[in-house]
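Data block for final_4.cif (mmCIF, N, CA, C and O atoms):
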data_coords
#
loop_
_atom_site.group_PDB
_atom_site.id
_atom_site.type_symbol
_atom_site.label_atom_id
_atom_site.label_comp_id
_atom_site.auth_asym_id
_atom_site.auth_seq_id
_atom_site.Cartn_x
_atom_site.Cartn_y
_atom_site.Cartn_z
ATOM 1 N N MET A 1 11.153 127.632 53.927
ATOM 2 C CA MET A 1 11.825 128.450 54.931
ATOM 3 C C MET A 1 11.480 129.918 54.680
ATOM 4 O O MET A 1 11.260 130.335 53.553
ATOM 5 N N PHE A 2 11.443 130.677 55.729
ATOM 6 C CA PHE A 2 11.105 132.093 55.625
ATOM 7 C C PHE A 2 12.237 132.867 54.950
ATOM 8 O O PHE A 2 13.386 132.470 54.989
ATOM 9 N N ASP A 3 11.908 133.988 54.327
ATOM 10 C CA ASP A 3 12.873 134.793 53.590
ATOM 11 C C ASP A 3 13.259 136.013 54.421
ATOM 12 O O ASP A 3 12.492 136.971 54.537
ATOM 13 N N LEU A 4 14.450 135.974 55.006
ATOM 14 C CA LEU A 4 14.915 137.096 55.818
ATOM 15 C C LEU A 4 15.188 138.343 54.988
ATOM 16 O O LEU A 4 15.173 139.443 55.505
ATOM 17 N N GLY A 5 15.441 138.163 53.708
ATOM 18 C CA GLY A 5 15.708 139.301 52.841
ATOM 19 C C GLY A 5 14.551 140.272 52.752
ATOM 20 O O GLY A 5 14.731 141.449 52.446
ATOM 21 N N LYS A 6 13.341 139.797 53.062
ATOM 22 C CA LYS A 6 12.152 140.657 53.009
ATOM 23 C C LYS A 6 11.959 141.474 54.276
ATOM 24 O O LYS A 6 11.113 142.365 54.312
ATOM 25 N N GLN A 7 12.711 141.165 55.310
ATOM 26 C CA GLN A 7 12.599 141.922 56.565
ATOM 27 C C GLN A 7 13.180 143.318 56.376
ATOM 28 O O GLN A 7 14.208 143.490 55.732
ATOM 29 N N SER A 8 12.529 144.301 56.955
ATOM 30 C CA SER A 8 12.989 145.673 56.760
ATOM 31 C C SER A 8 13.648 146.225 58.021
ATOM 32 O O SER A 8 13.357 145.787 59.136
ATOM 33 N N ILE A 9 14.538 147.164 57.801
ATOM 34 C CA ILE A 9 15.216 147.883 58.871
ATOM 35 C C ILE A 9 15.155 149.376 58.543
ATOM 36 O O ILE A 9 14.830 149.753 57.422
ATOM 37 N N THR A 10 15.461 150.195 59.511
ATOM 38 C CA THR A 10 15.465 151.638 59.307
ATOM 39 C C THR A 10 16.901 152.117 59.138
ATOM 40 O O THR A 10 17.775 151.771 59.929
ATOM 41 N N VAL A 11 17.122 152.902 58.090
ATOM 42 C CA VAL A 11 18.436 153.471 57.798
ATOM 43 C C VAL A 11 18.300 154.984 57.758
ATOM 44 O O VAL A 11 17.412 155.517 57.092
ATOM 45 N N GLU A 12 19.156 155.661 58.475
ATOM 46 C CA GLU A 12 19.113 157.122 58.509
ATOM 47 C C GLU A 12 19.899 157.696 57.328
ATOM 48 O O GLU A 12 21.006 157.269 57.040
ATOM 49 N N CYS A 13 19.296 158.679 56.658
ATOM 50 C CA CYS A 13 19.969 159.352 55.549
ATOM 51 C C CYS A 13 21.164 160.129 56.099
ATOM 52 O O CYS A 13 21.022 160.894 57.059
ATOM 53 N N PRO A 14 22.348 159.962 55.493
ATOM 54 C CA PRO A 14 23.512 160.700 55.989
ATOM 55 C C PRO A 14 23.419 162.207 55.740
ATOM 56 O O PRO A 14 24.063 162.989 56.430
ATOM 57 N N ALA A 15 22.574 162.625 54.794
ATOM 58 C CA ALA A 15 22.465 164.045 54.472
ATOM 59 C C ALA A 15 21.430 164.767 55.338
ATOM 60 O O ALA A 15 21.730 165.778 55.964
ATOM 61 N N CYS A 16 20.202 164.219 55.384
ATOM 62 C CA CYS A 16 19.117 164.931 56.087
ATOM 63 C C CYS A 16 18.660 164.227 57.366
ATOM 64 O O CYS A 16 17.804 164.742 58.071
ATOM 65 N N HIS A 17 19.192 163.052 57.632
ATOM 66 C CA HIS A 17 18.881 162.257 58.831
ATOM 67 C C HIS A 17 17.446 161.745 58.876
ATOM 68 O O HIS A 17 16.941 161.403 59.936
ATOM 69 N N PHE A 18 16.786 161.678 57.723
ATOM 70 C CA PHE A 18 15.445 161.125 57.636
ATOM 71 C C PHE A 18 15.535 159.606 57.786
ATOM 72 O O PHE A 18 16.438 158.968 57.249
ATOM 73 N N ALA A 19 14.612 159.002 58.509
ATOM 74 C CA ALA A 19 14.595 157.553 58.708
ATOM 75 C C ALA A 19 13.919 156.878 57.513
ATOM 76 O O ALA A 19 12.761 157.148 57.217
ATOM 77 N N ASN A 20 14.654 156.030 56.816
ATOM 78 C CA ASN A 20 14.162 155.335 55.628
ATOM 79 C C ASN A 20 14.115 153.839 55.892
ATOM 80 O O ASN A 20 15.023 153.284 56.504
ATOM 81 N N ARG A 21 13.061 153.183 55.402
ATOM 82 C CA ARG A 21 12.933 151.733 55.543
ATOM 83 C C ARG A 21 13.545 151.062 54.322
ATOM 84 O O ARG A 21 13.240 151.441 53.187
ATOM 85 N N VAL A 22 14.413 150.094 54.553
ATOM 86 C CA VAL A 22 15.004 149.288 53.481
ATOM 87 C C VAL A 22 14.944 147.832 53.902
ATOM 88 O O VAL A 22 14.828 147.519 55.084
ATOM 89 N N THR A 23 15.036 146.931 52.936
ATOM 90 C CA THR A 23 15.025 145.510 53.257
ATOM 91 C C THR A 23 16.458 145.012 53.450
ATOM 92 O O THR A 23 17.416 145.627 52.966
ATOM 93 N N LEU A 24 16.572 143.887 54.147
ATOM 94 C CA LEU A 24 17.895 143.286 54.330
ATOM 95 C C LEU A 24 18.492 142.867 52.985
ATOM 96 O O LEU A 24 19.701 142.919 52.798
ATOM 97 N N LYS A 25 17.631 142.490 52.044
ATOM 98 C CA LYS A 25 18.123 142.131 50.712
ATOM 99 C C LYS A 25 18.774 143.341 50.046
ATOM 100 O O LYS A 25 19.822 143.211 49.416
ATOM 101 N N GLN A 26 18.171 144.516 50.181
ATOM 102 C CA GLN A 26 18.751 145.720 49.589
ATOM 103 C C GLN A 26 20.149 145.973 50.152
ATOM 104 O O GLN A 26 21.051 146.364 49.413
ATOM 105 N N VAL A 27 20.305 145.753 51.439
ATOM 106 C CA VAL A 27 21.613 145.966 52.058
ATOM 107 C C VAL A 27 22.583 144.902 51.583
ATOM 108 O O VAL A 27 23.727 145.194 51.211
ATOM 109 N N ARG A 28 22.132 143.639 51.567
ATOM 110 C CA ARG A 28 23.008 142.530 51.182
ATOM 111 C C ARG A 28 23.549 142.684 49.763
ATOM 112 O O ARG A 28 24.722 142.426 49.509
ATOM 113 N N ILE A 29 22.697 143.143 48.834
ATOM 114 C CA ILE A 29 23.144 143.278 47.441
ATOM 115 C C ILE A 29 23.729 144.659 47.147
ATOM 116 O O ILE A 29 24.031 144.979 46.008
ATOM 117 N N ARG A 30 23.877 145.454 48.205
ATOM 118 C CA ARG A 30 24.463 146.803 48.089
ATOM 119 C C ARG A 30 23.679 147.680 47.109
ATOM 120 O O ARG A 30 24.235 148.359 46.250
ATOM 121 N N ASP A 31 22.379 147.671 47.273
ATOM 122 C CA ASP A 31 21.468 148.440 46.433
ATOM 123 C C ASP A 31 21.548 149.928 46.794
ATOM 124 O O ASP A 31 22.125 150.303 47.809
ATOM 125 N N VAL A 32 20.949 150.745 45.976
ATOM 126 C CA VAL A 32 20.848 152.179 46.249
ATOM 127 C C VAL A 32 19.403 152.475 46.609
ATOM 128 O O VAL A 32 18.479 152.108 45.887
ATOM 129 N N ALA A 33 19.186 153.126 47.747
ATOM 130 C CA ALA A 33 17.850 153.548 48.166
ATOM 131 C C ALA A 33 17.744 155.060 47.973
ATOM 132 O O ALA A 33 18.739 155.774 48.071
ATOM 133 N N ILE A 34 16.554 155.515 47.707
ATOM 134 C CA ILE A 34 16.317 156.951 47.551
ATOM 135 C C ILE A 34 15.696 157.464 48.843
ATOM 136 O O ILE A 34 14.678 156.950 49.302
ATOM 137 N N CYS A 35 16.318 158.463 49.432
ATOM 138 C CA CYS A 35 15.818 159.039 50.675
ATOM 139 C C CYS A 35 14.446 159.645 50.438
ATOM 140 O O CYS A 35 14.253 160.426 49.502
ATOM 141 N N ARG A 36 13.514 159.311 51.308
ATOM 142 C CA ARG A 36 12.157 159.859 51.188
ATOM 143 C C ARG A 36 12.098 161.298 51.680
ATOM 144 O O ARG A 36 11.129 162.002 51.437
ATOM 145 N N GLY A 37 13.144 161.753 52.351
ATOM 146 C CA GLY A 37 13.171 163.122 52.859
ATOM 147 C C GLY A 37 13.760 164.102 51.851
ATOM 148 O O GLY A 37 13.101 165.047 51.425
ATOM 149 N N CYS A 38 15.006 163.845 51.442
ATOM 150 C CA CYS A 38 15.699 164.803 50.561
ATOM 151 C C CYS A 38 15.898 164.293 49.140
ATOM 152 O O CYS A 38 16.463 164.986 48.300
ATOM 153 N N LYS A 39 15.450 163.063 48.862
ATOM 154 C CA LYS A 39 15.516 162.448 47.521
ATOM 155 C C LYS A 39 16.937 162.133 47.057
ATOM 156 O O LYS A 39 17.166 161.891 45.884
ATOM 157 N N ARG A 40 17.899 162.130 47.950
ATOM 158 C CA ARG A 40 19.269 161.753 47.574
ATOM 159 C C ARG A 40 19.405 160.240 47.555
ATOM 160 O O ARG A 40 18.657 159.521 48.197
ATOM 161 N N ASN A 41 20.409 159.766 46.835
ATOM 162 C CA ASN A 41 20.706 158.341 46.804
ATOM 163 C C ASN A 41 21.465 157.947 48.068
ATOM 164 O O ASN A 41 22.393 158.647 48.487
ATOM 165 N N ILE A 42 21.075 156.817 48.641
ATOM 166 C CA ILE A 42 21.774 156.258 49.793
ATOM 167 C C ILE A 42 22.344 154.920 49.343
ATOM 168 O O ILE A 42 21.587 153.983 49.054
ATOM 169 N N GLN A 43 23.640 154.822 49.270
ATOM 170 C CA GLN A 43 24.295 153.584 48.864
ATOM 171 C C GLN A 43 24.372 152.640 50.060
ATOM 172 O O GLN A 43 24.958 152.969 51.084
ATOM 173 N N MET A 44 23.734 151.476 49.933
ATOM 174 C CA MET A 44 23.777 150.482 51.010
ATOM 175 C C MET A 44 25.139 149.805 51.024
ATOM 176 O O MET A 44 25.745 149.605 49.970
ATOM 177 N N GLU A 45 25.610 149.469 52.204
ATOM 178 C CA GLU A 45 26.901 148.807 52.334
ATOM 179 C C GLU A 45 26.781 147.717 53.395
ATOM 180 O O GLU A 45 26.470 147.993 54.550
ATOM 181 N N ASP A 46 27.016 146.481 52.989
ATOM 182 C CA ASP A 46 27.019 145.340 53.911
ATOM 183 C C ASP A 46 28.461 145.136 54.351
ATOM 184 O O ASP A 46 29.201 144.357 53.769
ATOM 185 N N HIS A 47 28.844 145.844 55.381
ATOM 186 C CA HIS A 47 30.234 145.839 55.840
ATOM 187 C C HIS A 47 30.684 144.422 56.193
ATOM 188 O O HIS A 47 30.095 143.762 57.038
ATOM 189 N N LEU A 48 31.700 143.965 55.524
ATOM 190 C CA LEU A 48 32.294 142.635 55.720
ATOM 191 C C LEU A 48 31.281 141.499 55.539
ATOM 192 O O LEU A 48 31.449 140.414 56.090
ATOM 193 N N GLY A 49 30.219 141.753 54.791
ATOM 194 C CA GLY A 49 29.221 140.714 54.524
ATOM 195 C C GLY A 49 28.453 140.272 55.756
ATOM 196 O O GLY A 49 28.016 139.127 55.840
ATOM 197 N N SER A 50 28.250 141.174 56.703
ATOM 198 C CA SER A 50 27.622 140.803 57.975
ATOM 199 C C SER A 50 26.175 140.334 57.804
ATOM 200 O O SER A 50 25.739 139.414 58.504
ATOM 201 N N ILE A 51 25.420 140.924 56.889
ATOM 202 C CA ILE A 51 24.038 140.487 56.650
ATOM 203 C C ILE A 51 24.045 139.082 56.072
ATOM 204 O O ILE A 51 23.302 138.207 56.521
ATOM 205 N N LYS A 52 24.894 138.864 55.090
ATOM 206 C CA LYS A 52 24.986 137.548 54.457
ATOM 207 C C LYS A 52 25.373 136.481 55.481
ATOM 208 O O LYS A 52 24.796 135.399 55.517
ATOM 209 N N LYS A 53 26.324 136.785 56.347
ATOM 210 C CA LYS A 53 26.755 135.836 57.377
ATOM 211 C C LYS A 53 25.642 135.563 58.377
ATOM 212 O O LYS A 53 25.432 134.420 58.784
ATOM 213 N N ALA A 54 24.928 136.606 58.775
ATOM 214 C CA ALA A 54 23.847 136.433 59.750
ATOM 215 C C ALA A 54 22.735 135.561 59.184
ATOM 216 O O ALA A 54 22.204 134.691 59.895
ATOM 217 N N ILE A 55 22.388 135.771 57.924
ATOM 218 C CA ILE A 55 21.351 134.958 57.287
ATOM 219 C C ILE A 55 21.808 133.508 57.201
ATOM 220 O O ILE A 55 21.052 132.585 57.509
ATOM 221 N N ARG A 56 23.049 133.286 56.825
ATOM 222 C CA ARG A 56 23.591 131.930 56.740
ATOM 223 C C ARG A 56 23.583 131.254 58.116
ATOM 224 O O ARG A 56 23.170 130.107 58.258
ATOM 225 N N ASP A 57 24.009 131.983 59.148
ATOM 226 C CA ASP A 57 24.038 131.426 60.506
ATOM 227 C C ASP A 57 22.641 131.091 61.007
ATOM 228 O O ASP A 57 22.435 130.056 61.659
ATOM 229 N N LEU A 58 21.676 131.950 60.713
ATOM 230 C CA LEU A 58 20.306 131.689 61.142
ATOM 231 C C LEU A 58 19.733 130.469 60.434
ATOM 232 O O LEU A 58 19.072 129.629 61.062
ATOM 233 N N ARG A 59 19.995 130.335 59.151
ATOM 234 C CA ARG A 59 19.520 129.155 58.413
ATOM 235 C C ARG A 59 20.134 127.884 58.981
ATOM 236 O O ARG A 59 19.458 126.865 59.115
ATOM 237 N N ARG A 60 21.421 127.940 59.314
ATOM 238 C CA ARG A 60 22.099 126.790 59.907
ATOM 239 C C ARG A 60 21.446 126.429 61.250
ATOM 240 O O ARG A 60 21.203 125.252 61.535
ATOM 241 N N ALA A 61 21.150 127.423 62.067
ATOM 242 C CA ALA A 61 20.531 127.183 63.369
ATOM 243 C C ALA A 61 19.145 126.565 63.215
ATOM 244 O O ALA A 61 18.775 125.657 63.964
ATOM 245 N N VAL A 62 18.371 127.023 62.239
ATOM 246 C CA VAL A 62 17.036 126.470 62.005
ATOM 247 C C VAL A 62 17.157 125.012 61.556
ATOM 248 O O VAL A 62 16.394 124.151 62.014
ATOM 249 N N ARG A 63 18.111 124.700 60.690
ATOM 250 C CA ARG A 63 18.318 123.306 60.265
ATOM 251 C C ARG A 63 18.686 122.421 61.453
ATOM 252 O O ARG A 63 18.182 121.305 61.591
ATOM 253 N N GLN A 64 19.553 122.925 62.320
ATOM 254 C CA GLN A 64 19.941 122.155 63.506
ATOM 255 C C GLN A 64 18.744 121.934 64.424
ATOM 256 O O GLN A 64 18.589 120.849 64.994
ATOM 257 N N LEU A 65 17.901 122.933 64.570
ATOM 258 C CA LEU A 65 16.703 122.795 65.392
ATOM 259 C C LEU A 65 15.768 121.753 64.791
ATOM 260 O O LEU A 65 15.210 120.911 65.513
ATOM 261 N N GLN A 66 15.608 121.769 63.475
ATOM 262 C CA GLN A 66 14.769 120.771 62.811
ATOM 263 C C GLN A 66 15.333 119.371 63.032
ATOM 264 O O GLN A 66 14.578 118.422 63.281
ATOM 265 N N ASP A 67 16.646 119.224 62.960
ATOM 266 C CA ASP A 67 17.286 117.928 63.207
ATOM 267 C C ASP A 67 17.022 117.451 64.633
ATOM 268 O O ASP A 67 16.756 116.265 64.863
ATOM 269 N N GLN A 68 17.098 118.366 65.590
ATOM 270 C CA GLN A 68 16.839 117.999 66.985
ATOM 271 C C GLN A 68 15.395 117.551 67.176
ATOM 272 O O GLN A 68 15.127 116.578 67.883
ATOM 273 N N PHE A 69 14.446 118.232 66.552
ATOM 274 C CA PHE A 69 13.052 117.824 66.648
ATOM 275 C C PHE A 69 12.843 116.449 66.008
ATOM 276 O O PHE A 69 12.059 115.640 66.508
ATOM 277 N N ALA A 70 13.539 116.188 64.914
ATOM 278 C CA ALA A 70 13.427 114.880 64.268
ATOM 279 C C ALA A 70 13.960 113.783 65.182
ATOM 280 O O ALA A 70 13.406 112.679 65.237
ATOM 281 N N ARG A 71 15.015 114.055 65.921
ATOM 282 C CA ARG A 71 15.590 113.062 66.834
ATOM 283 C C ARG A 71 14.665 112.774 68.011
ATOM 284 O O ARG A 71 14.662 111.665 68.527
ATOM 285 N N VAL A 72 13.901 113.756 68.438
ATOM 286 C CA VAL A 72 12.964 113.547 69.543
ATOM 287 C C VAL A 72 11.962 112.454 69.167
ATOM 288 O O VAL A 72 11.584 111.635 69.997
ATOM 289 N N GLY A 73 11.566 112.422 67.922
ATOM 290 C CA GLY A 73 10.631 111.393 67.457
ATOM 291 C C GLY A 73 11.236 110.009 67.447
ATOM 292 O O GLY A 73 10.527 109.016 67.388
ATOM 293 N N GLU A 74 12.553 109.886 67.522
ATOM 294 C CA GLU A 74 13.229 108.600 67.481
ATOM 295 C C GLU A 74 13.462 108.009 68.866
ATOM 296 O O GLU A 74 13.954 106.900 68.996
ATOM 297 N N ILE A 75 13.089 108.704 69.908
ATOM 298 C CA ILE A 75 13.332 108.240 71.264
ATOM 299 C C ILE A 75 12.361 107.119 71.619
ATOM 300 O O ILE A 75 11.154 107.231 71.393
ATOM 301 N N THR A 76 12.898 106.055 72.173
ATOM 302 C CA THR A 76 12.080 104.935 72.627
ATOM 303 C C THR A 76 12.098 104.925 74.154
ATOM 304 O O THR A 76 13.165 104.912 74.765
ATOM 305 N N ILE A 77 10.934 104.893 74.739
ATOM 306 C CA ILE A 77 10.840 104.877 76.200
ATOM 307 C C ILE A 77 10.541 103.440 76.627
ATOM 308 O O ILE A 77 9.578 102.820 76.167
ATOM 309 N N ARG A 78 11.365 102.894 77.527
ATOM 310 C CA ARG A 78 11.166 101.542 78.029
ATOM 311 C C ARG A 78 10.756 101.604 79.487
ATOM 312 O O ARG A 78 11.336 102.327 80.280
ATOM 313 N N LEU A 79 9.773 100.838 79.831
ATOM 314 C CA LEU A 79 9.299 100.781 81.206
ATOM 315 C C LEU A 79 9.706 99.497 81.877
ATOM 316 O O LEU A 79 9.830 98.484 81.396
#

Go through the file and emit its structure as structure tokens.
Amino acid sequence: MFDLGKQSITVECPACHFANRVTLKQVRIRDVAICRGCKRNIQMEDHLGSIKKAIRDLRRAVRQLQDQFARVGEITIRL
């Protein structure tokens, strides 16, 4: 399965408003990123675990899709 944690998003520095790229994993684990503009620390915050929930929901949806594709192979057509 693909790793959503490697996907990047843009986060604006609260001090200088420089656009910084961070990964979803950095946000999920509440990592600290260094602003490329002003070199300040940016503390990541996954408010209410929204990244973790989204990743879990997407994985569940992919599993359900795989199950549906598996069921298509079980269909018998009678003439």

Contact residues around Ala33 of chain A with only N, CA, C and O atoms at 6 Å, ignoring same-chain residues under 4 positions, as a PyMOL selection string: chain A and resi 40-44

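Once the PyMOL selection byres ((chain A and resi 11) around 8) is applied to the shown structure, the selection contains Ser8, Ile9, Thr10, Glu12, Cys13, Pro14, His17, Phe18, Ala19, Asn20, Arg21, Val22, Cys35 and Arg36 of chain A.
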
Straight-line distance linking atom CA of Ile34 of chain A with atom CA of Leu58 of chain A, stated in Å to one decimal: 29.0 Å

Grab the atom C of Glu45 of chain A to atom O of Lys25 of chain A distance for me, in Å with one decimal place.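 It comes out at 9.2 Å.
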
Please indicate the distance in Å from atom O of Asp3 of chain A to atom O of Leu48 of chain A, rounded to one decimal place. 19.3 Å

Quick one: pick out all helix (DSSP H, G or I) residues within chain A from a backbone DSSP run and write them as number ranges by chain. A: 4-6, 24-28, 47-72

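Proximity to Ile51 of chain A was assessed for A:Cys38, A:Arg30, A:Gln64, A:Leu24 counting all atoms listed in the file; the smallest distance is recorded for A:Leu24.
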
Run DSSP on the backbone and give me the residues of segment 13-66 of chain A it puts in strand (DSSP E or B), as a PyMOL selection string. chain A and resi 19-23+32-34+41-43

Out of A:Gly73, A:Arg28, A:Asp67, A:Gln7, which residue has the shortest atom-to-atom distance to His47 of chain A when counting only N, CA, C and O atoms?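 For His47 of chain A, the nearest of the candidates is A:Arg28.
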
Given 5 Å on each side, where is the centre and what are the edge lengths in Å to one decimal of the axis-aligned box enclosing the listed atoms of segment 47-63 of chain A, as AutoDock Vina command-line options?
--center_x 24.3 --center_y 133.6 --center_z 59.2 --size_x 25.9 --size_y 34.5 --size_z 19.5
